[in-house]
file input08.cif (mmCIF, C-alpha atoms)
data_data
loop_
_atom_site.label_atom_id
_atom_site.label_comp_id
_atom_site.auth_asym_id
_atom_site.auth_seq_id
_atom_site.Cartn_x
_atom_site.Cartn_y
_atom_site.Cartn_z
CA MET A 649 117.11 55.96 98.92
CA PRO A 650 118.15 53.18 96.48
CA ALA A 651 116.21 52.59 93.26
CA LEU A 652 113.18 50.34 93.65
CA PRO A 653 113.26 46.94 91.93
CA LEU A 654 111.36 46.79 88.64
CA ASP A 655 108.43 44.76 90.00
CA GLU A 656 107.81 47.30 92.76
CA ALA A 657 108.57 50.40 90.67
CA GLY A 658 106.24 49.18 87.92
CA LYS A 659 103.09 49.63 89.99
CA TYR A 660 103.97 53.24 90.84
CA VAL A 661 104.76 54.08 87.21
CA ALA A 662 101.55 52.39 86.07
CA GLY A 663 99.65 54.22 88.81
CA ALA A 664 100.90 57.63 87.68
CA TYR A 665 100.05 57.01 84.02
CA VAL A 666 96.65 55.52 84.92
CA VAL A 667 95.82 58.55 87.11
CA PHE A 668 96.60 60.81 84.15
CA LEU A 669 94.46 58.69 81.83
CA ILE A 670 91.55 58.58 84.32
CA LEU A 671 91.58 62.37 84.71
CA VAL A 672 91.45 62.84 80.94
CA LEU A 673 88.64 60.27 80.64
CA VAL A 674 86.63 61.89 83.47
CA TYR A 675 86.99 65.26 81.75
CA VAL A 676 85.90 63.84 78.40
CA ALA A 677 82.93 62.06 80.07
CA ILE A 678 81.79 65.32 81.72
CA MET A 679 82.07 67.15 78.40
CA ALA A 680 80.15 64.33 76.68
CA ALA A 681 77.34 64.71 79.26
CA LYS A 682 77.22 68.45 78.58
CA LEU A 683 77.08 67.86 74.82
CA ASP A 684 74.27 65.34 75.33
CA ARG A 685 72.29 67.96 77.29
CA MET A 686 72.83 70.41 74.44
CA ARG A 687 71.62 67.80 71.95
CA ARG A 688 68.45 67.34 74.03
CA ASP A 689 67.94 71.12 74.16
CA LEU A 690 68.28 71.29 70.38
CA THR A 691 65.75 68.45 69.96
CA ASP A 692 63.30 70.35 72.20
CA LEU A 693 63.82 73.50 70.16
CA ALA A 694 63.32 71.63 66.88
CA ASP A 695 60.04 70.12 68.25
CA LEU A 696 58.92 73.56 69.39
CA ALA A 697 59.68 75.08 66.00
CA GLU A 698 57.77 72.30 64.18
CA LYS A 699 54.73 72.67 66.47
CA ARG A 700 54.63 76.38 65.78
CA ARG A 701 54.89 75.86 62.06
CA ALA A 702 52.05 73.25 61.98
CA PRO A 703 49.16 75.59 63.07
CA ALA A 704 50.46 78.28 60.74
CA SER A 705 50.32 75.96 57.72
CA GLU A 706 46.80 74.79 58.77
CA ARG A 707 45.59 78.38 58.86
CA GLU A 708 46.98 78.92 55.37
CA ARG A 709 45.04 75.86 54.09
CA VAL A 710 41.74 77.04 55.65
CA SER A 711 42.04 80.53 54.17
CA ALA A 712 42.81 79.06 50.74
CA MET B 1279 94.32 77.34 63.25
CA PRO B 1280 93.73 73.64 62.39
CA SER B 1281 90.31 72.13 63.06
CA LEU B 1282 89.55 70.51 66.39
CA ARG B 1283 89.48 67.07 64.77
CA VAL B 1284 92.98 67.51 63.30
CA MET B 1285 94.25 68.75 66.66
CA ALA B 1286 92.68 65.80 68.49
CA PHE B 1287 94.30 63.25 66.14
CA THR B 1288 97.65 65.07 66.34
CA THR B 1289 97.47 65.08 70.13
CA VAL B 1290 96.77 61.33 70.26
CA ALA B 1291 99.62 60.65 67.80
CA VAL B 1292 102.18 62.81 69.64
CA LEU B 1293 101.21 61.49 73.08
CA GLY B 1294 101.33 57.92 71.72
CA ALA B 1295 104.81 58.58 70.30
CA ALA B 1296 105.88 60.13 73.60
CA PHE B 1297 104.75 57.14 75.65
CA ALA B 1298 106.47 54.80 73.18
CA LEU B 1299 109.70 56.79 73.60
CA VAL B 1300 109.30 56.73 77.40
CA PHE B 1301 109.05 52.95 77.61
CA PHE B 1302 111.10 51.76 74.61
CA TYR B 1303 113.72 54.43 73.96
CA ALA B 1304 114.60 56.49 77.02
CA PRO B 1305 117.04 54.70 79.32
CA ASN B 1306 116.33 53.99 82.96
CA ASP B 1307 117.68 56.61 85.30
CA ALA B 1308 120.96 55.59 86.95
CA ASP B 1309 119.80 56.82 90.34
CA GLN B 1310 116.05 56.17 90.51
CA GLY B 1311 115.71 53.36 87.99
CA PHE B 1312 112.35 52.65 86.35
CA VAL B 1313 110.41 54.95 88.70
CA GLN B 1314 111.93 57.98 86.97
CA LYS B 1315 109.58 57.27 83.99
CA ILE B 1316 106.96 59.22 85.95
CA PHE B 1317 109.04 62.32 85.20
CA TYR B 1318 107.84 62.29 81.56
CA VAL B 1319 104.19 62.64 82.56
CA HIS B 1320 104.51 64.63 85.79
CA VAL B 1321 106.81 67.48 84.71
CA PRO B 1322 105.11 68.33 81.36
CA ILE B 1323 101.71 68.38 83.10
CA ALA B 1324 103.00 70.70 85.83
CA ILE B 1325 104.62 73.06 83.30
CA CYS B 1326 101.45 73.14 81.17
CA ALA B 1327 99.37 73.97 84.26
CA LEU B 1328 101.63 76.89 85.16
CA ILE B 1329 101.75 78.15 81.55
CA GLY B 1330 97.94 77.90 81.49
CA PHE B 1331 97.73 80.23 84.49
CA VAL B 1332 100.03 82.75 82.78
CA VAL B 1333 97.98 82.51 79.56
CA ALA B 1334 94.85 83.18 81.64
CA ALA B 1335 96.49 86.36 82.97
CA PHE B 1336 97.33 87.42 79.40
CA HIS B 1337 93.70 87.02 78.31
CA ALA B 1338 92.52 88.77 81.47
CA ILE B 1339 94.67 91.80 80.57
CA ARG B 1340 93.15 91.79 77.08
CA HIS B 1341 89.68 91.55 78.62
CA LEU B 1342 90.24 94.55 80.89
CA ARG B 1343 91.72 96.56 78.03
CA SER B 1344 89.08 95.76 75.41
CA GLY B 1345 86.02 94.73 77.46
CA ASP B 1346 85.47 91.91 74.96
CA PRO B 1347 83.87 88.99 76.86
CA ILE B 1348 85.62 86.41 74.64
CA HIS B 1349 88.88 87.16 76.46
CA ASP B 1350 87.16 86.57 79.80
CA VAL B 1351 85.94 83.20 78.51
CA ARG B 1352 89.44 82.29 77.34
CA SER B 1353 90.91 83.33 80.68
CA TYR B 1354 88.29 81.26 82.50
CA VAL B 1355 88.92 78.17 80.36
CA SER B 1356 92.72 78.55 80.72
CA ILE B 1357 92.39 78.59 84.50
CA HIS B 1358 89.95 75.68 84.36
CA MET B 1359 92.40 73.58 82.34
CA GLY B 1360 95.27 74.73 84.54
CA VAL B 1361 93.47 73.51 87.65
CA ILE B 1362 92.73 70.14 86.02
CA PHE B 1363 96.37 69.77 84.92
CA GLY B 1364 97.47 70.97 88.36
CA THR B 1365 95.40 68.21 89.97
CA ALA B 1366 97.09 65.68 87.69
CA ALA B 1367 100.53 67.12 88.55
CA LEU B 1368 99.86 66.87 92.29
CA LEU B 1369 98.56 63.29 92.04
CA THR B 1370 101.36 62.00 89.79
CA GLY B 1371 103.90 63.90 91.91
CA ALA B 1372 102.60 62.28 95.08
CA ILE B 1373 102.91 58.82 93.49
CA TRP B 1374 106.46 59.60 92.37
CA ALA B 1375 107.36 60.96 95.82
CA ARG B 1376 106.06 57.78 97.47
CA ALA B 1377 108.14 55.63 95.12
CA ALA B 1378 111.32 57.74 95.25
CA TRP B 1379 111.36 59.17 98.78
CA GLY B 1380 109.04 56.81 100.63
CA LYS B 1381 106.57 59.62 101.44
CA TRP B 1382 103.48 60.89 99.63
CA TRP B 1383 104.30 64.50 100.49
CA VAL B 1384 107.28 66.41 101.93
CA TRP B 1385 106.22 69.66 103.60
CA GLU B 1386 109.82 70.90 103.89
CA GLU B 1387 110.31 70.88 100.12
CA PRO B 1388 109.77 74.36 98.59
CA THR B 1389 108.92 73.07 95.11
CA LEU B 1390 106.03 70.96 96.34
CA VAL B 1391 104.62 73.47 98.80
CA SER B 1392 104.85 76.39 96.36
CA PHE B 1393 103.02 74.43 93.68
CA LEU B 1394 100.33 73.53 96.20
CA ILE B 1395 99.99 77.22 97.17
CA VAL B 1396 99.57 78.22 93.51
CA TYR B 1397 97.05 75.40 93.00
CA LEU B 1398 95.00 76.38 96.06
CA LEU B 1399 95.15 80.03 95.01
CA TYR B 1400 93.56 79.13 91.68
CA ALA B 1401 91.05 76.86 93.39
CA THR B 1402 89.61 80.03 94.96
CA TYR B 1403 88.88 81.43 91.49
CA TYR B 1404 85.62 79.46 91.25
CA PRO B 1405 84.09 80.66 94.56
CA LEU B 1406 85.03 84.20 93.50
CA ARG B 1407 83.01 83.85 90.32
CA TYR B 1408 80.16 82.10 92.16
CA ALA B 1409 79.97 84.90 94.70
CA ILE B 1410 79.26 87.69 92.20
CA GLU B 1411 75.81 87.86 90.61
CA ASP B 1412 76.34 90.59 88.06
CA ARG B 1413 77.97 89.13 84.94
CA GLU B 1414 80.02 92.21 84.05
CA ARG B 1415 81.36 92.70 87.56
CA GLN B 1416 82.03 88.96 87.76
CA ALA B 1417 84.11 89.07 84.58
CA ARG B 1418 85.99 92.18 85.68
CA TYR B 1419 86.82 90.87 89.16
CA ALA B 1420 87.79 87.48 87.72
CA SER B 1421 90.17 89.21 85.30
CA VAL B 1422 91.78 91.19 88.12
CA PHE B 1423 92.20 87.94 90.05
CA ALA B 1424 93.69 86.17 87.00
CA ILE B 1425 96.24 88.97 86.46
CA THR B 1426 97.28 89.14 90.11
CA ALA B 1427 97.56 85.39 90.49
CA GLY B 1428 99.22 85.08 87.07
CA ALA B 1429 101.93 87.53 88.12
CA PHE B 1430 102.45 85.44 91.21
CA VAL B 1431 103.26 82.30 89.16
CA PRO B 1432 106.64 83.38 87.67
CA LEU B 1433 107.60 85.13 90.92
CA ASN B 1434 106.86 81.96 92.79
CA PHE B 1435 108.82 79.92 90.24
CA MET B 1436 111.88 82.15 90.60
CA ALA B 1437 111.67 82.07 94.39
CA VAL B 1438 111.63 78.28 94.31
CA ARG B 1439 114.66 78.17 92.00
CA LEU B 1440 116.55 80.41 94.39
CA ALA B 1441 115.52 78.39 97.45
CA GLU B 1442 117.61 75.48 98.58
CA SER B 1443 116.16 72.17 97.44
CA LEU B 1444 115.67 69.44 100.01
CA VAL B 1445 114.85 66.40 97.91
CA HIS B 1446 113.13 67.62 94.73
CA PRO B 1447 115.61 67.60 91.81
CA ARG B 1448 116.34 70.66 89.67
CA VAL B 1449 116.52 68.87 86.36
CA PHE B 1450 116.69 71.84 84.00
CA ALA B 1451 119.00 73.65 86.27
CA THR B 1452 121.69 75.56 85.70
CA ALA B 1453 125.22 74.82 84.70
CA GLY B 1454 126.42 71.27 84.78
CA GLY B 1455 122.90 69.88 85.07
CA GLY B 1456 120.54 68.74 82.38
CA LEU B 1457 119.41 65.53 80.78
CA PRO B 1458 121.22 63.19 78.39
CA PRO B 1459 120.04 63.66 74.77
CA SER B 1460 117.80 60.55 74.68
CA MET B 1461 115.98 61.63 77.86
CA LEU B 1462 115.76 65.23 76.66
CA LEU B 1463 114.23 64.18 73.33
CA THR B 1464 111.68 61.99 75.12
CA PHE B 1465 110.85 64.80 77.50
CA LEU B 1466 110.40 67.33 74.67
CA VAL B 1467 108.05 65.01 72.76
CA ALA B 1468 106.08 64.35 75.97
CA PHE B 1469 105.91 68.07 76.65
CA ALA B 1470 104.71 68.76 73.08
CA GLY B 1471 102.02 66.08 73.56
CA MET B 1472 100.82 67.54 76.86
CA ALA B 1473 100.82 71.08 75.44
CA LEU B 1474 98.77 69.85 72.48
CA LEU B 1475 96.38 68.10 74.88
CA PHE B 1476 96.03 71.33 76.87
CA VAL B 1477 95.29 73.42 73.76
CA THR B 1478 92.94 70.80 72.27
CA LEU B 1479 90.90 70.46 75.47
CA MET B 1480 90.81 74.24 75.77
CA ARG B 1481 89.45 74.60 72.24
CA PHE B 1482 87.00 71.75 72.88
CA GLU B 1483 85.65 73.52 75.96
CA LEU B 1484 85.51 76.90 74.21
CA MET B 1485 83.59 75.31 71.35
CA ALA B 1486 81.17 73.61 73.77
CA LYS B 1487 80.55 76.92 75.55
CA SER B 1488 80.02 78.70 72.24
CA THR B 1489 77.56 76.00 71.09
CA SER B 1490 75.70 76.25 74.39
CA ALA B 1491 75.42 80.02 73.93
CA GLN B 1492 74.05 79.48 70.41
CA VAL B 1493 71.41 77.07 71.74
CA SER B 1494 70.35 79.67 74.31
CA ARG B 1495 70.17 82.29 71.57
CA LEU B 1496 68.07 79.99 69.39
CA ARG B 1497 65.67 79.32 72.26
CA ARG B 1498 65.26 83.03 72.87
CA ALA B 1499 64.59 83.55 69.16
CA ILE B 1500 61.99 80.74 68.99
CA ASP B 1501 60.20 81.57 72.19
CA SER B 1502 61.08 84.75 73.98
CA GLU B 1503 58.91 83.69 76.96
CA ALA B 1504 60.75 80.44 77.53
CA PRO B 1505 63.52 80.56 80.14
CA ALA B 1506 67.08 80.26 78.87
CA PRO B 1507 68.27 76.67 79.31
CA SER B 1508 70.87 75.86 81.94
CA ALA B 1509 72.11 79.42 82.28
CA SER B 1510 75.10 79.11 84.54
CA ARG B 1511 76.12 81.73 87.03
CA ILE B 1512 79.60 80.27 87.14
CA ALA B 1513 80.40 80.10 83.49
CA PRO B 1514 81.21 83.35 81.80
CA ALA B 1515 78.86 84.80 79.20
CA VAL B 1516 80.02 83.55 75.82
CA PRO B 1517 79.51 85.93 72.92
CA SER B 1518 77.60 84.41 70.01
CA GLY B 1519 79.68 83.06 67.19
CA SER B 1520 82.84 82.76 69.21
CA GLY B 1521 84.72 79.53 69.48
#
call {"tool": "encode", "arguments": {"input": "input08.cif", "output": "structure tokens"}}
result
Amino acid sequence: MPALPLDEAGKYVAGAYVVFLILVLVYVAIMAAKLDRMRRDLTDLADLAEKRRAPASERERVSA
Amino acid sequence: MPSLRVMAFTTVAVLGAAFALVFFYAPNDADQGFVQKIFYVHVPIAICALIGFVVAAFHAIRHLRSGDPIHDVRSYVSIHMGVIFGTAALLTGAIWARAAWGKWWVWEEPTLVSFLIVYLLYATYYPLRYAIEDRERQARYASVFAITAGAFVPLNFMAVRLAESLVHPRVFATAGGGLPPSMLLTFLVAFAGMALLFVTLMRFELMAKSTSAQVSRLRRAIDSEAPAPSASRIAPAVPSGSG
């Protein structure tokens, strides 16, 4: 099969490189979503830890 | 080992240099013309995918020998990245086939079909993990799978090299073949970039899994009654402090 002319070959070459780029971007987006979920988990844990500390410090004040 | 940030910047720089070489330095192929530029993205991706499967087998052997779950995690992530890179290799290969041969796929071509068989073999790795509830058995069976399938990769590669090619070129073949120096340099830089991308994404995923395990550990420490967050049956158990 003879080589395709540049204008026709260009869209295939662009397509291949764009597919590669899209796959990398999709992967990074999925990982970003996972990291965001972890951030939310950490925020929940920080809230939980602060709530637990608050009654403890109140008890200390009352006993003093 | 350099930090993830350094690796990420290096990967972007090397891949950027590779793409610059592809479009501004490497000459057009005498036979295929401009379409041959797909070679510089398709072949490195395919090689990285296959190397990833072999690396997964290596870690699986270490896991079975030592019982250390970190090797199971590394094997899992290697296969995961290999499947992603394999998907990219199949898609870019199909585009190249359409441009060069006029068909998206050629079933008579051993190189294509063998790669598809390897890819589908590794696609069954996930259902295998899903199917086993017990974490230790899951890790053990997954390691046995990774070793068996990993041994199949080089055997398959050799069989394809021995088989008669229909249309797929054997670029790094044998005597008399090979690339001109400008194309070879471009290919090597592109391959280095893809390999760096593979390793960087692998480390990124390992770090994310390790961080997730630390969050679970923290939750257990703060409130032992609270359920562990998003405990996945698919993902391997990551030991604390690993990354």
call {"tool": "atom_distance", "arguments": {"input": "input08.cif", "atom1": "atom CA of Val666 of chain A", "atom2": "atom CA of Tyr1397 of chain B"}}
result
21.5 Å
call {"tool": "axis_aligned_box", "arguments": {"input": "input08.cif", "around": "segment 1350-1361 of chain B", "padding_each_side": "4 Å", "output": "AutoDock Vina command-line options"}}
result
--center_x 90.6 --center_y 80.0 --center_z 82.5 --size_x 17.3 --size_y 21.1 --size_z 18.3
call {"tool": "resolve_selection", "arguments": {"input": "input08.cif", "expression": "the PyMOL selection byres ((chain B) within 9 of (chain A))", "output": "PyMOL selection string"}}
result
chain B and resi 1308-1316+1319-1320+1362-1363+1365-1367+1369-1374+1376-1380+1479+1482-1483+1486+1489-1490+1493-1494+1496-1497+1500-1501+1507
call {"tool": "resolve_selection", "arguments": {"input": "input08.cif", "expression": "the PyMOL selection byres ((chain B and resi 1426) around 12)", "output": "PyMOL selection string"}}
result
chain B and resi 1331-1332+1334-1336+1338-1339+1396+1399-1400+1403+1419-1425+1427-1433
call {"tool": "atom_distance", "arguments": {"input": "input08.cif", "atom1": "atom CA of Pro1388 of chain B", "atom2": "atom CA of Ala1441 of chain B"}}
result
7.1 Å
call {"tool": "closest_residue", "arguments": {"input": "input08.cif", "among": "B:Ala1324, B:Leu1406, B:Met1359, B:Met1472", "to": "Leu1484 of chain B", "atoms": "only C-alpha atoms"}}
result
B:Met1359
call {"tool": "residues_around", "arguments": {"input": "input08.cif", "residues": "Thr1478 of chain B", "least_positions_apart": "4", "cutoff": "12 Å", "atoms": "all atoms listed in the file", "output": "ChimeraX atom specification"}}
result
/A:672,676 /B:1279-1290,1355-1356,1359,1470-1474,1482-1485
call {"tool": "write_last_selection", "arguments": {"input": "input08.cif", "atoms": "C-alpha atoms", "output": "short mmCIF file (atom, residue, chain, number, x, y, z; two decimals), in the frame of the given file"}}
result
data_model
loop_
_atom_site.label_atom_id
_atom_site.label_comp_id
_atom_site.auth_asym_id
_atom_site.auth_seq_id
_atom_site.Cartn_x
_atom_site.Cartn_y
_atom_site.Cartn_z
CA VAL A 672 91.45 62.84 80.94
CA VAL A 676 85.90 63.84 78.40
CA MET B 1279 94.32 77.34 63.25
CA PRO B 1280 93.73 73.64 62.39
CA SER B 1281 90.31 72.13 63.06
CA LEU B 1282 89.55 70.51 66.39
CA ARG B 1283 89.48 67.07 64.77
CA VAL B 1284 92.98 67.51 63.30
CA MET B 1285 94.25 68.75 66.66
CA ALA B 1286 92.68 65.80 68.49
CA PHE B 1287 94.30 63.25 66.14
CA THR B 1288 97.65 65.07 66.34
CA THR B 1289 97.47 65.08 70.13
CA VAL B 1290 96.77 61.33 70.26
CA VAL B 1355 88.92 78.17 80.36
CA SER B 1356 92.72 78.55 80.72
CA MET B 1359 92.40 73.58 82.34
CA ALA B 1470 104.71 68.76 73.08
CA GLY B 1471 102.02 66.08 73.56
CA MET B 1472 100.82 67.54 76.86
CA ALA B 1473 100.82 71.08 75.44
CA LEU B 1474 98.77 69.85 72.48
CA PHE B 1482 87.00 71.75 72.88
CA GLU B 1483 85.65 73.52 75.96
CA LEU B 1484 85.51 76.90 74.21
CA MET B 1485 83.59 75.31 71.35
#
call {"tool": "closest_residue", "arguments": {"input": "input08.cif", "among": "B:Val1438, B:Ala1417, B:Ala1304, B:Ala1291", "to": "Pro1347 of chain B", "atoms": "all atoms listed in the file"}}
result
B:Ala1417
call {"tool": "atom_distance", "arguments": {"input": "input08.cif", "atom1": "atom CA of Ser1460 of chain B", "atom2": "atom CA of Tyr1303 of chain B"}}
result
7.4 Å
call {"tool": "decode", "arguments": {"input": "input08.cif", "residues": "segment 1347-1363 of chain B", "atoms": "N, CA and C atoms", "output": "JSON list (two decimals), in the first residue's frame"}}
result
[["chain", "number", "residue", "atom", "x", "y", "z"],
["B", 1347, "PRO", "N", 3.62, -8.56, 51.96],
["B", 1347, "PRO", "CA", 2.54, -8.06, 51.09],
["B", 1347, "PRO", "C", 2.94, -6.91, 50.17],
["B", 1348, "ILE", "N", 4.05, -6.21, 50.50],
["B", 1348, "ILE", "CA", 4.45, -5.09, 49.62],
["B", 1348, "ILE", "C", 4.76, -5.58, 48.20],
["B", 1349, "HIS", "N", 5.31, -6.81, 48.11],
["B", 1349, "HIS", "CA", 5.63, -7.35, 46.78],
["B", 1349, "HIS", "C", 4.35, -7.69, 46.01],
["B", 1350, "ASP", "N", 3.32, -8.12, 46.75],
["B", 1350, "ASP", "CA", 2.03, -8.37, 46.10],
["B", 1350, "ASP", "C", 1.45, -7.05, 45.55],
["B", 1351, "VAL", "N", 1.59, -5.99, 46.34],
["B", 1351, "VAL", "CA", 1.08, -4.68, 45.90],
["B", 1351, "VAL", "C", 1.83, -4.23, 44.64],
["B", 1352, "ARG", "N", 3.15, -4.40, 44.66],
["B", 1352, "ARG", "CA", 3.96, -3.99, 43.51],
["B", 1352, "ARG", "C", 3.60, -4.82, 42.27],
["B", 1353, "SER", "N", 3.37, -6.10, 42.48],
["B", 1353, "SER", "CA", 2.98, -6.97, 41.36],
["B", 1353, "SER", "C", 1.63, -6.52, 40.79],
["B", 1354, "TYR", "N", 0.70, -6.24, 41.71],
["B", 1354, "TYR", "CA", -0.64, -5.77, 41.31],
["B", 1354, "TYR", "C", -0.56, -4.48, 40.50],
["B", 1355, "VAL", "N", 0.24, -3.52, 41.02],
["B", 1355, "VAL", "CA", 0.32, -2.22, 40.34],
["B", 1355, "VAL", "C", 1.04, -2.36, 38.99],
["B", 1356, "SER", "N", 2.05, -3.25, 38.92],
["B", 1356, "SER", "CA", 2.74, -3.47, 37.63],
["B", 1356, "SER", "C", 1.77, -4.01, 36.59],
["B", 1357, "ILE", "N", 0.93, -4.96, 37.00],
["B", 1357, "ILE", "CA", -0.04, -5.52, 36.06],
["B", 1357, "ILE", "C", -1.06, -4.45, 35.68],
["B", 1358, "HIS", "N", -1.47, -3.67, 36.67],
["B", 1358, "HIS", "CA", -2.44, -2.60, 36.41],
["B", 1358, "HIS", "C", -1.91, -1.62, 35.36],
["B", 1359, "MET", "N", -0.65, -1.20, 35.55],
["B", 1359, "MET", "CA", -0.06, -0.27, 34.58],
["B", 1359, "MET", "C", 0.15, -0.95, 33.24],
["B", 1360, "GLY", "N", 0.53, -2.24, 33.28],
["B", 1360, "GLY", "CA", 0.72, -2.99, 32.04],
["B", 1360, "GLY", "C", -0.56, -3.07, 31.22],
["B", 1361, "VAL", "N", -1.68, -3.27, 31.91],
["B", 1361, "VAL", "CA", -2.96, -3.35, 31.20],
["B", 1361, "VAL", "C", -3.32, -1.98, 30.60],
["B", 1362, "ILE", "N", -3.07, -0.91, 31.35],
["B", 1362, "ILE", "CA", -3.36, 0.43, 30.82],
["B", 1362, "ILE", "C", -2.48, 0.71, 29.59],
["B", 1363, "PHE", "N", -1.18, 0.40, 29.71],
["B", 1363, "PHE", "CA", -0.28, 0.61, 28.57],
["B", 1363, "PHE", "C", -0.65, -0.33, 27.42]]
